[in-house]
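So this block is data.txt, compact mmCIF, C-alpha atoms:
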# COMPACT_ATOMS: atom_id res chain seq x y z
CA MET A 1 30.26 44.02 -23.24
CA ILE A 2 31.08 46.71 -20.68
CA GLY A 3 32.03 50.08 -22.09
CA ARG A 4 33.12 53.29 -20.39
CA LEU A 5 33.50 53.65 -16.64
CA ASN A 6 30.57 56.02 -16.14
CA HIS A 7 31.40 56.93 -12.54
CA VAL A 8 32.88 55.93 -9.22
CA ALA A 9 30.43 56.57 -6.36
CA ILE A 10 31.78 57.54 -2.95
CA ALA A 11 29.38 57.51 0.01
CA VAL A 12 29.92 60.12 2.72
CA LYS A 13 28.13 61.32 5.83
CA ASN A 14 28.68 65.01 5.08
CA LEU A 15 28.40 65.98 1.44
CA GLU A 16 29.55 69.58 1.86
CA ALA A 17 32.69 68.51 3.71
CA ALA A 18 33.47 65.93 1.03
CA ALA A 19 32.86 68.47 -1.74
CA ALA A 20 35.27 70.86 -0.02
CA VAL A 21 37.97 68.16 -0.05
CA TYR A 22 37.57 67.69 -3.79
CA ARG A 23 37.18 71.38 -4.60
CA GLU A 24 39.75 72.94 -2.31
CA THR A 25 42.29 70.24 -1.51
CA LEU A 26 42.25 68.31 -4.80
CA GLY A 27 41.31 71.29 -6.99
CA ALA A 28 38.56 69.52 -8.94
CA GLU A 29 35.42 70.84 -10.65
CA VAL A 30 32.54 70.21 -8.24
CA SER A 31 28.81 70.63 -8.92
CA ASP A 32 26.11 71.99 -6.64
CA THR A 33 24.17 69.50 -4.53
CA VAL A 34 21.48 67.58 -6.44
CA PRO A 35 18.83 65.99 -4.16
CA GLN A 36 17.50 62.72 -5.57
CA PRO A 37 14.67 61.78 -3.22
CA ASP A 38 13.56 58.87 -5.42
CA HIS A 39 16.97 57.27 -4.85
CA GLY A 40 17.40 58.19 -1.18
CA VAL A 41 20.56 60.19 -1.84
CA SER A 42 21.85 63.69 -2.38
CA THR A 43 24.60 63.87 -4.98
CA ILE A 44 27.51 66.09 -5.90
CA PHE A 45 29.22 65.40 -9.22
CA ILE A 46 32.95 65.84 -9.70
CA THR A 47 33.86 66.24 -13.34
CA LEU A 48 37.19 64.76 -14.37
CA PRO A 49 38.47 64.88 -17.96
CA ASN A 50 37.55 61.24 -18.63
CA THR A 51 34.87 60.26 -16.11
CA LYS A 52 32.97 61.40 -12.99
CA ILE A 53 33.15 60.88 -9.28
CA GLU A 54 29.78 60.99 -7.55
CA LEU A 55 29.68 61.91 -3.89
CA LEU A 56 26.56 60.46 -2.24
CA GLU A 57 24.99 61.41 1.09
CA PRO A 58 21.93 59.66 2.54
CA LEU A 59 18.63 61.49 2.00
CA GLY A 60 15.51 60.51 3.93
CA GLU A 61 14.77 57.72 6.34
CA SER A 62 15.43 54.63 4.24
CA SER A 63 18.53 55.51 2.30
CA PRO A 64 20.39 52.61 0.66
CA LEU A 65 23.59 54.17 2.06
CA ALA A 66 22.68 53.94 5.75
CA LYS A 67 24.11 50.48 6.41
CA PHE A 68 27.24 51.18 4.34
CA LEU A 69 28.01 54.30 6.37
CA GLU A 70 27.46 52.45 9.64
CA LYS A 71 30.22 50.07 8.56
CA ASN A 72 32.36 52.81 6.99
CA PRO A 73 31.93 55.93 9.14
CA ASP A 74 34.68 57.83 7.28
CA GLY A 75 32.92 57.13 3.98
CA GLY A 76 34.23 54.97 1.17
CA ILE A 77 33.76 53.79 -2.38
CA HIS A 78 30.20 52.50 -2.60
CA HIS A 79 30.01 51.27 -6.20
CA ILE A 80 31.44 51.59 -9.70
CA CYS A 81 29.27 52.04 -12.78
CA TYR A 82 30.01 50.65 -16.23
CA GLU A 83 28.10 51.62 -19.35
CA VAL A 84 26.49 49.01 -21.58
CA ASP A 85 24.79 49.44 -24.95
CA ASP A 86 21.77 47.30 -24.14
CA ILE A 87 20.84 46.70 -20.50
CA LEU A 88 18.52 43.78 -21.20
CA ALA A 89 21.06 41.98 -23.36
CA ALA A 90 23.64 42.62 -20.63
CA ARG A 91 21.34 41.21 -17.95
CA ASP A 92 20.61 38.09 -20.00
CA ARG A 93 24.32 37.49 -20.57
CA LEU A 94 25.09 37.92 -16.88
CA VAL A 95 22.31 35.58 -15.77
CA ALA A 96 23.43 32.98 -18.34
CA LYS A 97 26.95 33.20 -16.84
CA GLY A 98 25.54 32.55 -13.37
CA ALA A 99 26.02 36.07 -11.99
CA ARG A 100 23.43 37.51 -9.61
CA VAL A 101 21.51 40.66 -10.51
CA LEU A 102 20.09 42.48 -7.47
CA GLY A 103 16.37 43.11 -7.01
CA ASN A 104 13.90 41.40 -9.32
CA GLY A 105 16.23 41.56 -12.31
CA ASP A 106 14.31 44.29 -14.10
CA PRO A 107 16.21 47.52 -14.83
CA LYS A 108 15.14 50.60 -12.88
CA ILE A 109 15.53 54.20 -13.94
CA GLY A 110 18.73 55.41 -12.28
CA ALA A 111 19.94 58.75 -11.05
CA HIS A 112 20.81 59.89 -14.60
CA GLY A 113 17.38 59.02 -16.04
CA LYS A 114 18.66 55.87 -17.76
CA PRO A 115 17.97 52.17 -17.12
CA VAL A 116 20.32 50.63 -14.55
CA LEU A 117 20.95 47.33 -12.79
CA PHE A 118 23.07 46.49 -9.76
CA LEU A 119 25.11 43.27 -9.58
CA HIS A 120 25.94 41.19 -6.51
CA PRO A 121 29.32 42.15 -5.01
CA LYS A 122 30.20 38.54 -4.23
CA ASP A 123 30.13 37.73 -7.95
CA PHE A 124 32.28 40.76 -8.91
CA CYS A 125 35.47 40.78 -6.81
CA GLY A 126 33.73 42.19 -3.72
CA THR A 127 32.63 45.35 -5.53
CA LEU A 128 29.08 46.56 -6.02
CA VAL A 129 28.75 47.08 -9.79
CA GLU A 130 26.09 49.24 -11.45
CA LEU A 131 25.41 48.85 -15.15
CA GLU A 132 23.87 51.83 -16.92
CA GLN A 133 22.51 51.81 -20.44
CA ARG A 134 24.30 54.40 -22.56
CA MET B 1 44.69 70.11 -9.82
CA ILE B 2 43.63 66.49 -10.31
CA GLY B 3 43.22 65.39 -13.91
CA ARG B 4 42.12 62.08 -15.39
CA LEU B 5 41.10 59.10 -13.33
CA ASN B 6 44.07 56.90 -14.24
CA HIS B 7 42.67 53.69 -12.75
CA VAL B 8 40.53 52.01 -10.14
CA ALA B 9 42.45 49.25 -8.32
CA ILE B 10 40.59 46.18 -7.09
CA ALA B 11 42.39 43.80 -4.73
CA VAL B 12 41.57 40.10 -5.03
CA LYS B 13 42.85 36.84 -3.60
CA ASN B 14 42.76 35.00 -6.94
CA LEU B 15 43.79 37.04 -9.94
CA GLU B 16 42.89 34.43 -12.55
CA ALA B 17 39.39 34.02 -11.16
CA ALA B 18 38.90 37.80 -11.09
CA ALA B 19 40.21 38.12 -14.65
CA ALA B 20 37.74 35.46 -15.77
CA VAL B 21 34.87 37.49 -14.28
CA TYR B 22 35.92 40.56 -16.25
CA ARG B 23 36.76 38.70 -19.45
CA GLU B 24 33.95 36.16 -19.62
CA THR B 25 31.09 37.57 -17.55
CA LEU B 26 31.57 41.29 -18.23
CA GLY B 27 33.14 40.87 -21.68
CA ALA B 28 36.04 43.26 -21.12
CA GLU B 29 39.54 43.39 -22.62
CA VAL B 30 41.86 41.78 -20.07
CA SER B 31 45.67 41.69 -20.14
CA ASP B 32 48.01 38.87 -19.17
CA THR B 33 49.33 38.79 -15.61
CA VAL B 34 52.14 41.26 -14.90
CA PRO B 35 54.18 40.39 -11.79
CA GLN B 36 55.47 43.51 -10.02
CA PRO B 37 57.75 42.15 -7.28
CA ASP B 38 58.99 45.62 -6.33
CA HIS B 39 55.40 46.54 -5.40
CA GLY B 40 54.40 43.24 -3.80
CA VAL B 41 51.58 42.65 -6.30
CA SER B 42 50.71 40.85 -9.49
CA THR B 43 48.51 42.90 -11.79
CA ILE B 44 46.01 42.35 -14.57
CA PHE B 45 44.91 45.42 -16.51
CA ILE B 46 41.37 45.80 -17.82
CA THR B 47 41.19 48.32 -20.63
CA LEU B 48 37.98 50.35 -20.80
CA PRO B 49 37.42 53.04 -23.44
CA ASN B 50 38.12 55.87 -20.99
CA THR B 51 40.21 54.42 -18.14
CA LYS B 52 41.58 51.20 -16.65
CA ILE B 53 40.68 48.79 -13.91
CA GLU B 54 43.67 47.16 -12.25
CA LEU B 55 43.18 43.81 -10.56
CA LEU B 56 45.81 43.28 -7.86
CA GLU B 57 46.81 40.04 -6.14
CA PRO B 58 49.40 39.86 -3.34
CA LEU B 59 52.88 38.77 -4.45
CA GLY B 60 55.51 37.73 -1.90
CA GLU B 61 55.55 37.74 1.87
CA SER B 62 55.02 41.40 2.69
CA SER B 63 52.41 42.53 0.21
CA PRO B 64 50.65 45.82 0.97
CA LEU B 65 47.40 44.01 0.13
CA ALA B 66 47.59 41.34 2.84
CA LYS B 67 45.78 43.28 5.56
CA PHE B 68 43.15 44.60 3.15
CA LEU B 69 42.30 41.08 1.99
CA GLU B 70 42.07 39.83 5.57
CA LYS B 71 39.37 42.45 6.14
CA ASN B 72 37.80 41.97 2.70
CA PRO B 73 38.07 38.28 1.84
CA ASP B 74 35.88 38.63 -1.28
CA GLY B 75 38.16 41.41 -2.55
CA GLY B 76 37.21 45.03 -2.99
CA ILE B 77 38.23 48.41 -4.31
CA HIS B 78 41.65 49.13 -2.84
CA HIS B 79 42.39 52.62 -4.21
CA ILE B 80 41.67 55.12 -6.95
CA CYS B 81 44.40 56.93 -8.87
CA TYR B 82 44.17 60.48 -10.19
CA GLU B 83 46.71 62.00 -12.56
CA VAL B 84 48.48 65.26 -11.77
CA ASP B 85 50.79 67.34 -13.94
CA ASP B 86 53.43 67.91 -11.26
CA ILE B 87 53.62 65.53 -8.32
CA LEU B 88 55.79 67.79 -6.16
CA ALA B 89 53.54 70.80 -6.68
CA ALA B 90 50.57 68.55 -5.88
CA ARG B 91 52.21 67.32 -2.69
CA ASP B 92 53.04 70.84 -1.55
CA ARG B 93 49.46 71.97 -2.16
CA LEU B 94 48.07 68.99 -0.24
CA VAL B 95 50.38 69.50 2.71
CA ALA B 96 49.55 73.21 2.79
CA LYS B 97 45.85 72.27 2.95
CA GLY B 98 46.53 70.00 5.93
CA ALA B 99 46.11 66.67 4.10
CA ARG B 100 48.32 63.75 5.04
CA VAL B 101 50.62 62.16 2.47
CA LEU B 102 51.61 58.58 3.33
CA GLY B 103 55.22 57.51 3.85
CA ASN B 104 57.93 60.13 4.09
CA GLY B 105 56.21 62.46 1.61
CA ASP B 106 58.64 61.82 -1.22
CA PRO B 107 57.19 60.38 -4.43
CA LYS B 108 58.13 56.80 -5.27
CA ILE B 109 58.24 55.23 -8.71
CA GLY B 110 54.91 53.46 -9.12
CA ALA B 111 53.77 50.43 -11.03
CA HIS B 112 53.68 52.38 -14.33
CA GLY B 113 57.23 53.74 -13.96
CA LYS B 114 56.00 57.22 -12.98
CA PRO B 115 56.26 59.12 -9.67
CA VAL B 116 53.36 58.45 -7.32
CA LEU B 117 52.16 59.39 -3.85
CA PHE B 118 49.46 57.86 -1.67
CA LEU B 119 47.15 60.03 0.47
CA HIS B 120 45.61 59.20 3.83
CA PRO B 121 42.11 57.72 3.47
CA LYS B 122 40.79 59.61 6.49
CA ASP B 123 41.48 62.90 4.71
CA PHE B 124 39.80 61.78 1.45
CA CYS B 125 36.30 60.48 2.20
CA GLY B 126 37.53 57.10 3.45
CA THR B 127 39.21 56.27 0.14
CA LEU B 128 42.88 55.53 -0.42
CA VAL B 129 43.94 57.96 -3.17
CA GLU B 130 47.02 57.54 -5.36
CA LEU B 131 48.34 60.51 -7.31
CA GLU B 132 50.41 59.70 -10.39
CA GLN B 133 52.41 62.23 -12.38
CA ARG B 134 51.25 62.24 -16.00

Taking this structure as input, can you express it in the form of C-alpha cells?
Amino acid sequence: MIGRLNHVAIAVKNLEAAAAVYRETLGAEVSDTVPQPDHGVSTIFITLPNTKIELLEPLGESSPLAKFLEKNPDGGIHHICYEVDDILAARDRLVAKGARVLGNGDPKIGAHGKPVLFLHPKDFCGTLVELEQR
Amino acid sequence: MIGRLNHVAIAVKNLEAAAAVYRETLGAEVSDTVPQPDHGVSTIFITLPNTKIELLEPLGESSPLAKFLEKNPDGGIHHICYEVDDILAARDRLVAKGARVLGNGDPKIGAHGKPVLFLHPKDFCGTLVELEQR
C-alpha cells in the first residue's frame, strides 16, 4: 500500500539556523521560507536526489509543533510521510486493521495541496506517520 | 555535499511486531530479520520505491539502542542516514564548520559494509545523522 517516502519532517525552533546547517554544513539545496498559516508552520524544503526533508517552525499561536518543541528543545524528527495512491482506500484498510487515524478520520488538504491523514504514533512504532495521496 | 537519503532508522523493542505493522497494516515489502551482532542490533529492511526504512531491535547486552528505548518505550525514529561521495572529505568539511563527529572521528564500517560516521544531534536540529559513503 505505501509508496514513496515523500518527506521526513524535522521540527525546529529557529528555521533560519536549521536551514544554515543544511545549506552550509551539509551542503544541501535549501528553499526559501514558505509560510503556511493554515497549518501553523513555516517550512523550508531541502531537496535530496530521492526525497525531501522539510524543516518546520511554529507559526502563530496554536501551532501543532508547540508541544513537541517543549519536549524537544533542540528540535527533532516530527513525522515521516508516505505516499499512497488512494487516501480513502488507505484509511479504510488501516481502520479495518485496527490502526487509529487522528482527527475525525476524514482527509484534510495538507501542506502540498493534496489530501493527507495522520496516524497514531502508538500504532506505528512510536512514529507519527502522515499519508499523502500522490 | 549530502546526496540521497539512504534510510530512516526506527528503533523498536519487538522487531516482529514492528515488521507486522509495516507488512500487514501498511502493506510494505519487508525483509527477513538480519542479525548484526557487530552493531548490537537486529534489522528488518522495508523497501520503498525511493529509499528504505530500517527497523532496529537491540541485540546483545550492550546495544546502542538500549538507552533510546528506555526513553522511548513505544519505539521511535533513531537516526537518518544521508549518502556522501567521500566520507573523509565530508568529515573534514564538517569539522571545519564546527560540527561534532561522534567517536574518534574515524569512519567505521557500518551495517551495509560501507564506511559511516555519526554526527552529534545537537549540531543537526536534534536529529542523530549518519553519513554513509556511497

Please determine the contact residues of chain B with respect to chain A at a cut-off of 9 Å, counting all atoms listed in the file, and supply them as an NGL selection string.
:B and (1-6 or 8 or 10-13 or 17-18 or 21-22 or 24-28 or 48-52 or 72-77 or 79 or 90 or 93-94 or 96-99 or 121-128)

Selected residues written out, C-alpha atoms, as a short mmCIF file (atom, residue, chain, number, x, y, z; two decimals), in the frame of the given file:
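Listing of result20.cif after writing:
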data_model
loop_
_atom_site.label_atom_id
_atom_site.label_comp_id
_atom_site.auth_asym_id
_atom_site.auth_seq_id
_atom_site.Cartn_x
_atom_site.Cartn_y
_atom_site.Cartn_z
CA MET B 1 44.69 70.11 -9.82
CA ILE B 2 43.63 66.49 -10.31
CA GLY B 3 43.22 65.39 -13.91
CA ARG B 4 42.12 62.08 -15.39
CA LEU B 5 41.10 59.10 -13.33
CA ASN B 6 44.07 56.90 -14.24
CA VAL B 8 40.53 52.01 -10.14
CA ILE B 10 40.59 46.18 -7.09
CA ALA B 11 42.39 43.80 -4.73
CA VAL B 12 41.57 40.10 -5.03
CA LYS B 13 42.85 36.84 -3.60
CA ALA B 17 39.39 34.02 -11.16
CA ALA B 18 38.90 37.80 -11.09
CA VAL B 21 34.87 37.49 -14.28
CA TYR B 22 35.92 40.56 -16.25
CA GLU B 24 33.95 36.16 -19.62
CA THR B 25 31.09 37.57 -17.55
CA LEU B 26 31.57 41.29 -18.23
CA GLY B 27 33.14 40.87 -21.68
CA ALA B 28 36.04 43.26 -21.12
CA LEU B 48 37.98 50.35 -20.80
CA PRO B 49 37.42 53.04 -23.44
CA ASN B 50 38.12 55.87 -20.99
CA THR B 51 40.21 54.42 -18.14
CA LYS B 52 41.58 51.20 -16.65
CA ASN B 72 37.80 41.97 2.70
CA PRO B 73 38.07 38.28 1.84
CA ASP B 74 35.88 38.63 -1.28
CA GLY B 75 38.16 41.41 -2.55
CA GLY B 76 37.21 45.03 -2.99
CA ILE B 77 38.23 48.41 -4.31
CA HIS B 79 42.39 52.62 -4.21
CA ALA B 90 50.57 68.55 -5.88
CA ARG B 93 49.46 71.97 -2.16
CA LEU B 94 48.07 68.99 -0.24
CA ALA B 96 49.55 73.21 2.79
CA LYS B 97 45.85 72.27 2.95
CA GLY B 98 46.53 70.00 5.93
CA ALA B 99 46.11 66.67 4.10
CA PRO B 121 42.11 57.72 3.47
CA LYS B 122 40.79 59.61 6.49
CA ASP B 123 41.48 62.90 4.71
CA PHE B 124 39.80 61.78 1.45
CA CYS B 125 36.30 60.48 2.20
CA GLY B 126 37.53 57.10 3.45
CA THR B 127 39.21 56.27 0.14
CA LEU B 128 42.88 55.53 -0.42
#

Hey, what's within 7 Å of B:Leu119 if we count all atoms listed in the file and toss same-chain stuff fewer than 3 positions away? As a list in words, please?
Arg100, Val101, Leu102, Leu128, Val129 and Glu130 of chain B

Considering only C-alpha atoms, return as a list in words whatever protein or nucleic-acid residues lie within 8 Å of B:Pro115, sequence-local ones (same chain, fewer than 4 positions apart) excluded.
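Neighbouring residues, sequence-local ones excluded: Ile87, Pro107, Lys108, Ile109, Gly110, Glu132 and Gln133 of chain B.
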
I'd like the interatomic distance between atom CA of B:Ala9 and atom CA of A:Phe118, to a tenth of an Å.
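Between atom CA of B:Ala9 and atom CA of A:Phe118 the gap works out to 19.6 Å.
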
For atom CA of B:Asp106 and atom CA of B:Arg91, quote the distance in Å rounded to one decimal.
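If I compute the distance from atom CA of B:Asp106 to atom CA of B:Arg91, I get 8.6 Å.
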
Atom-to-atom span, atom CA of B:Lys71 and atom CA of B:Asn104, Å
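Atom CA of B:Asn104 lies 25.7 Å from atom CA of B:Lys71.
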